[in-house]
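J.: Before I ask anything, here is the structure I am working with.
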There are 2 protein chains.
Amino acid sequence: MSNDSIFGFLTFNSFTMRKKEGNKEEDILKASIEVFAQSGFYDAKISKIAELANVSIGSIYVYYKNKDDILNKIFEKIWGSLYNNLDSLVNRSDLTMVEKYDAMIDMIFDTFTENSATAIVIAHEQQRLLLRNKESFTEYYDKFVGLGEKIVKEGIKKKIFNPNIDVNIFRHFLLGAFRDLITSWAVVPDEFPLNLVRRNIKFLSKYGILNHNQE
Amino acid sequence: MSNDSIFGFLTFNSFTMRKKEGNKEEDILKASIEVFAQSGFYDAKISKIAELANVSIGSIYVYYKNKDDILNKIFEKIWGSLYNNLDSLVNRSDLTMVEKYDAMIDMIFDTFTENSATAIVIAHEQQRLLLRNKESFTEYYDKFVGLGEKIVKEGIKKKIFNPNIDVNIFRHFLLGAFRDLITSWAVVPDEFPLNLVRRNIKFLSKYGILNHNQE
DNA sequence: AATAATTTTGAGCAATGATTCAATATTCGG
DNA sequence: CCGAATATTGAATCATTGCTCAAAATTATT
């Protein structure tokens, strides 16, 4: 009974506790991302996910409540990651506002291109989920957006960004543009060389928001 | 036999031809747009559409081959309308390039805001349909995009627009931004006053593409 | 009014695919 | 190797809903 401890009451009945093999939970999530990206949420078959994850159908329901739950976990994970990355960026004082803005774009860009299947899933399903789940469908998504707006507002206060721009509208403008471009890239990568897309997003969005270019 | 004429061979067997009442075909389309916008294509029930259109379930299948067919007709109609409007704009020689560009934005904006439910349907389903139907899912959509690119290219040739911008990327940038903003407006109109959205789209997109603002 | 043609109807068929759960397999401490 | 606890399985269940089609209703013609 080597697992005994004075804090034993805090642990799950820890002896005769069988360890789960491999990491089915993660395998299922990865497979789901692929299948959702390929077929869209509604045409995605649980059986196909099970097959791809090398797991039985029943196992899926051990780790996830249902099909929707899988989708939610996918969002939770990617927006959590984006939030954390943006969080460590937002308070850096060694960057100018423009550098910070560029870094934000790079960060979003990198995250999505490194997870292109997830990007497709988000591009396809997020709008619908936001509607269904009117109030905050993901804690992290809201936090992420909050941080993004913070950067833009800071830029406005420092008169680097155009104060006539509505921050909320700019947010949708940028994320919307992002979404279409990332999806297009993920579907036909050859038509959308990454460097080109990144450069264009930066240029187009920046010179729409910089004070620079006022009449 | 008052319907007889020397062109009688051109008419359908015109006697004993019963006229259909009202306009079920259109009623069904309108109801579908509402239901699709409300619930999304997959959660939309044919029975609900029938109810809203004041029509029996069976009638729907007289006018449309199946559920997908209805969606296609919705796209065909809105993109056809957009194409026609843009077509009469593209060759006008009484406008400067900037005026023409602004008019294009206004035209898209007006069409979508006058048909906000359709706008939501497009925002939600188009990506998926484009994927599924890789090659040209709507004749009019492709034509519309072609005209849009023509305007931008003309602007570039006249050195009004920045020649370093990739036209294809700019197209996705603009339409993507549009999509998110129109959807957001349609869902929570109070948070997105139309005039403000329109002005911001124009400003943000223009000053990203005008030669004006180069460093 | 009778007939014929067309339109409308909606209960029920059929297919689909998410989810369940009783049975089986695996692991672990002893 | 045993027994207890946990993990895995996938055939069977169950609910859902798109779509069909035989019957009923409507309209036009004579």
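Ordering of the structure tokens sets the chain letters (A, B, ...), residue numbers begin anew at 1 in every chain, and ligands are numbered from 1 in the order given.
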For chain D, list the residues within 9 Å of chain B, counting only C-alpha atoms (C1' of nucleotides), and write the list as an MDAnalysis selection string.

T.: chainID D and resid 17:20 27:29

J.: Write the selection just made, keeping N, CA, C and O atoms (P, O5', C5', C4', C3', O3' and C1' of nucleotides), as a PDB file, in the first residue's frame?

T.:
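Saved result, selection_1.pdb, follows:
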```
ATOM      1  P    DT D  17     -35.271  15.972 -35.550  1.00  0.00           P
ATOM      2  O5'  DT D  17     -35.477  15.660 -37.097  1.00  0.00           O
ATOM      3  C5'  DT D  17     -34.413  15.102 -37.829  1.00  0.00           C
ATOM      4  C4'  DT D  17     -34.883  14.660 -39.188  1.00  0.00           C
ATOM      5  C3'  DT D  17     -35.990  15.526 -39.811  1.00  0.00           C
ATOM      6  O3'  DT D  17     -35.731  15.602 -41.177  1.00  0.00           O
ATOM      7  C1'  DT D  17     -36.650  13.317 -39.842  1.00  0.00           C
ATOM      8  P    DG D  18     -35.749  17.040 -41.966  1.00  0.00           P
ATOM      9  O5'  DG D  18     -35.304  16.584 -43.436  1.00  0.00           O
ATOM     10  C5'  DG D  18     -34.131  15.816 -43.618  1.00  0.00           C
ATOM     11  C4'  DG D  18     -34.359  14.762 -44.692  1.00  0.00           C
ATOM     12  C3'  DG D  18     -35.055  15.261 -45.950  1.00  0.00           C
ATOM     13  O3'  DG D  18     -34.433  14.629 -47.065  1.00  0.00           O
ATOM     14  C1'  DG D  18     -36.345  13.523 -44.974  1.00  0.00           C
ATOM     15  P    DC D  19     -34.704  15.130 -48.553  1.00  0.00           P
ATOM     16  O5'  DC D  19     -35.922  14.180 -48.965  1.00  0.00           O
ATOM     17  C5'  DC D  19     -35.694  12.763 -48.956  1.00  0.00           C
ATOM     18  C4'  DC D  19     -37.003  12.046 -49.103  1.00  0.00           C
ATOM     19  C3'  DC D  19     -37.880  12.478 -50.280  1.00  0.00           C
ATOM     20  O3'  DC D  19     -37.814  11.426 -51.230  1.00  0.00           O
ATOM     21  C1'  DC D  19     -39.152  12.032 -48.305  1.00  0.00           C
ATOM     22  P    DT D  20     -38.713  11.414 -52.527  1.00  0.00           P
ATOM     23  O5'  DT D  20     -39.926  10.441 -52.133  1.00  0.00           O
ATOM     24  C5'  DT D  20     -39.637   9.161 -51.633  1.00  0.00           C
ATOM     25  C4'  DT D  20     -40.920   8.362 -51.448  1.00  0.00           C
ATOM     26  C3'  DT D  20     -41.847   8.354 -52.658  1.00  0.00           C
ATOM     27  O3'  DT D  20     -42.368   7.032 -52.764  1.00  0.00           O
ATOM     28  C1'  DT D  20     -43.014   9.193 -50.792  1.00  0.00           C
ATOM     29  P    DT D  27     -59.816  26.389 -55.775  1.00  0.00           P
ATOM     30  O5'  DT D  27     -59.815  26.258 -57.366  1.00  0.00           O
ATOM     31  C5'  DT D  27     -58.576  26.119 -58.041  1.00  0.00           C
ATOM     32  C4'  DT D  27     -58.830  25.592 -59.448  1.00  0.00           C
ATOM     33  C3'  DT D  27     -59.802  26.439 -60.270  1.00  0.00           C
ATOM     34  O3'  DT D  27     -59.056  27.052 -61.315  1.00  0.00           O
ATOM     35  C1'  DT D  27     -60.173  24.099 -60.549  1.00  0.00           C
ATOM     36  P    DA D  28     -59.712  28.076 -62.306  1.00  0.00           P
ATOM     37  O5'  DA D  28     -59.956  27.116 -63.558  1.00  0.00           O
ATOM     38  C5'  DA D  28     -58.858  26.349 -64.055  1.00  0.00           C
ATOM     39  C4'  DA D  28     -59.322  25.552 -65.254  1.00  0.00           C
ATOM     40  C3'  DA D  28     -60.194  26.333 -66.245  1.00  0.00           C
ATOM     41  O3'  DA D  28     -59.752  25.982 -67.542  1.00  0.00           O
ATOM     42  C1'  DA D  28     -61.379  24.433 -65.465  1.00  0.00           C
ATOM     43  P    DT D  29     -60.430  26.665 -68.821  1.00  0.00           P
ATOM     44  O5'  DT D  29     -61.361  25.474 -69.312  1.00  0.00           O
ATOM     45  C5'  DT D  29     -60.782  24.170 -69.498  1.00  0.00           C
ATOM     46  C4'  DT D  29     -61.841  23.240 -70.045  1.00  0.00           C
ATOM     47  C3'  DT D  29     -62.765  23.868 -71.071  1.00  0.00           C
ATOM     48  O3'  DT D  29     -62.903  22.982 -72.170  1.00  0.00           O
ATOM     49  C1'  DT D  29     -64.034  22.896 -69.339  1.00  0.00           C
TER      50       DT D  29
END
```

J.: Using only C-alpha atoms, which residues of chain A come within 7 Å of chain B, and what is the closest atom pair for each, with the distance in Å to one decimal? Give it as JSON lines, sorted by chain and residue number.

T.:
```
{"residue": "A:His124", "atom": "CA", "partner": "B:Gln127", "partner_atom": "CA", "distance": 6.9}
{"residue": "A:Gln127", "atom": "CA", "partner": "B:His124", "partner_atom": "CA", "distance": 6.8}
{"residue": "A:Arg128", "atom": "CA", "partner": "B:His124", "partner_atom": "CA", "distance": 6.9}
{"residue": "A:Ile165", "atom": "CA", "partner": "B:Asn200", "partner_atom": "CA", "distance": 6.6}
{"residue": "A:Ile169", "atom": "CA", "partner": "B:Val197", "partner_atom": "CA", "distance": 6.7}
{"residue": "A:His172", "atom": "CA", "partner": "B:Leu181", "partner_atom": "CA", "distance": 6.0}
{"residue": "A:Phe173", "atom": "CA", "partner": "B:Ala177", "partner_atom": "CA", "distance": 4.4}
{"residue": "A:Leu174", "atom": "CA", "partner": "B:Ala177", "partner_atom": "CA", "distance": 6.5}
{"residue": "A:Gly176", "atom": "CA", "partner": "B:Ala177", "partner_atom": "CA", "distance": 4.4}
{"residue": "A:Ala177", "atom": "CA", "partner": "B:Gly176", "partner_atom": "CA", "distance": 4.4}
{"residue": "A:Arg179", "atom": "CA", "partner": "B:Gly176", "partner_atom": "CA", "distance": 6.8}
{"residue": "A:Asp180", "atom": "CA", "partner": "B:Gly176", "partner_atom": "CA", "distance": 5.2}
{"residue": "A:Leu181", "atom": "CA", "partner": "B:His172", "partner_atom": "CA", "distance": 6.1}
{"residue": "A:Val197", "atom": "CA", "partner": "B:Ile169", "partner_atom": "CA", "distance": 6.8}
{"residue": "A:Asn200", "atom": "CA", "partner": "B:Ile165", "partner_atom": "CA", "distance": 6.6}
{"residue": "A:Phe203", "atom": "CA", "partner": "B:Gly208", "partner_atom": "CA", "distance": 6.9}
{"residue": "A:Leu204", "atom": "CA", "partner": "B:Gly208", "partner_atom": "CA", "distance": 4.4}
{"residue": "A:Ser205", "atom": "CA", "partner": "B:Gly208", "partner_atom": "CA", "distance": 6.3}
{"residue": "A:Tyr207", "atom": "CA", "partner": "B:Gly208", "partner_atom": "CA", "distance": 4.8}
{"residue": "A:Gly208", "atom": "CA", "partner": "B:Leu204", "partner_atom": "CA", "distance": 4.3}
{"residue": "A:Ile209", "atom": "CA", "partner": "B:Leu204", "partner_atom": "CA", "distance": 6.6}
{"residue": "A:Asn213", "atom": "CA", "partner": "B:Asn213", "partner_atom": "CA", "distance": 4.9}
```

J.: Show me which bits of chain C are within 7 Å of chain B, counting only C-alpha atoms (C1' of nucleotides), as a PDB file with C-alpha atoms (C1' of nucleotides), in the first residue's frame.

T.:
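To be explicit, this is the file written out as result.pdb:
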```pdb
ATOM      1  C1'  DA C   5     -56.789  17.359 -65.236  1.00  0.00           C
ATOM      2  C1'  DT C   6     -53.933  19.209 -61.834  1.00  0.00           C
ATOM      3  C1'  DT C   8     -52.471  19.518 -52.368  1.00  0.00           C
ATOM      4  C1'  DT C   9     -52.166  16.735 -48.477  1.00  0.00           C
TER       5       DT C   9
END
```
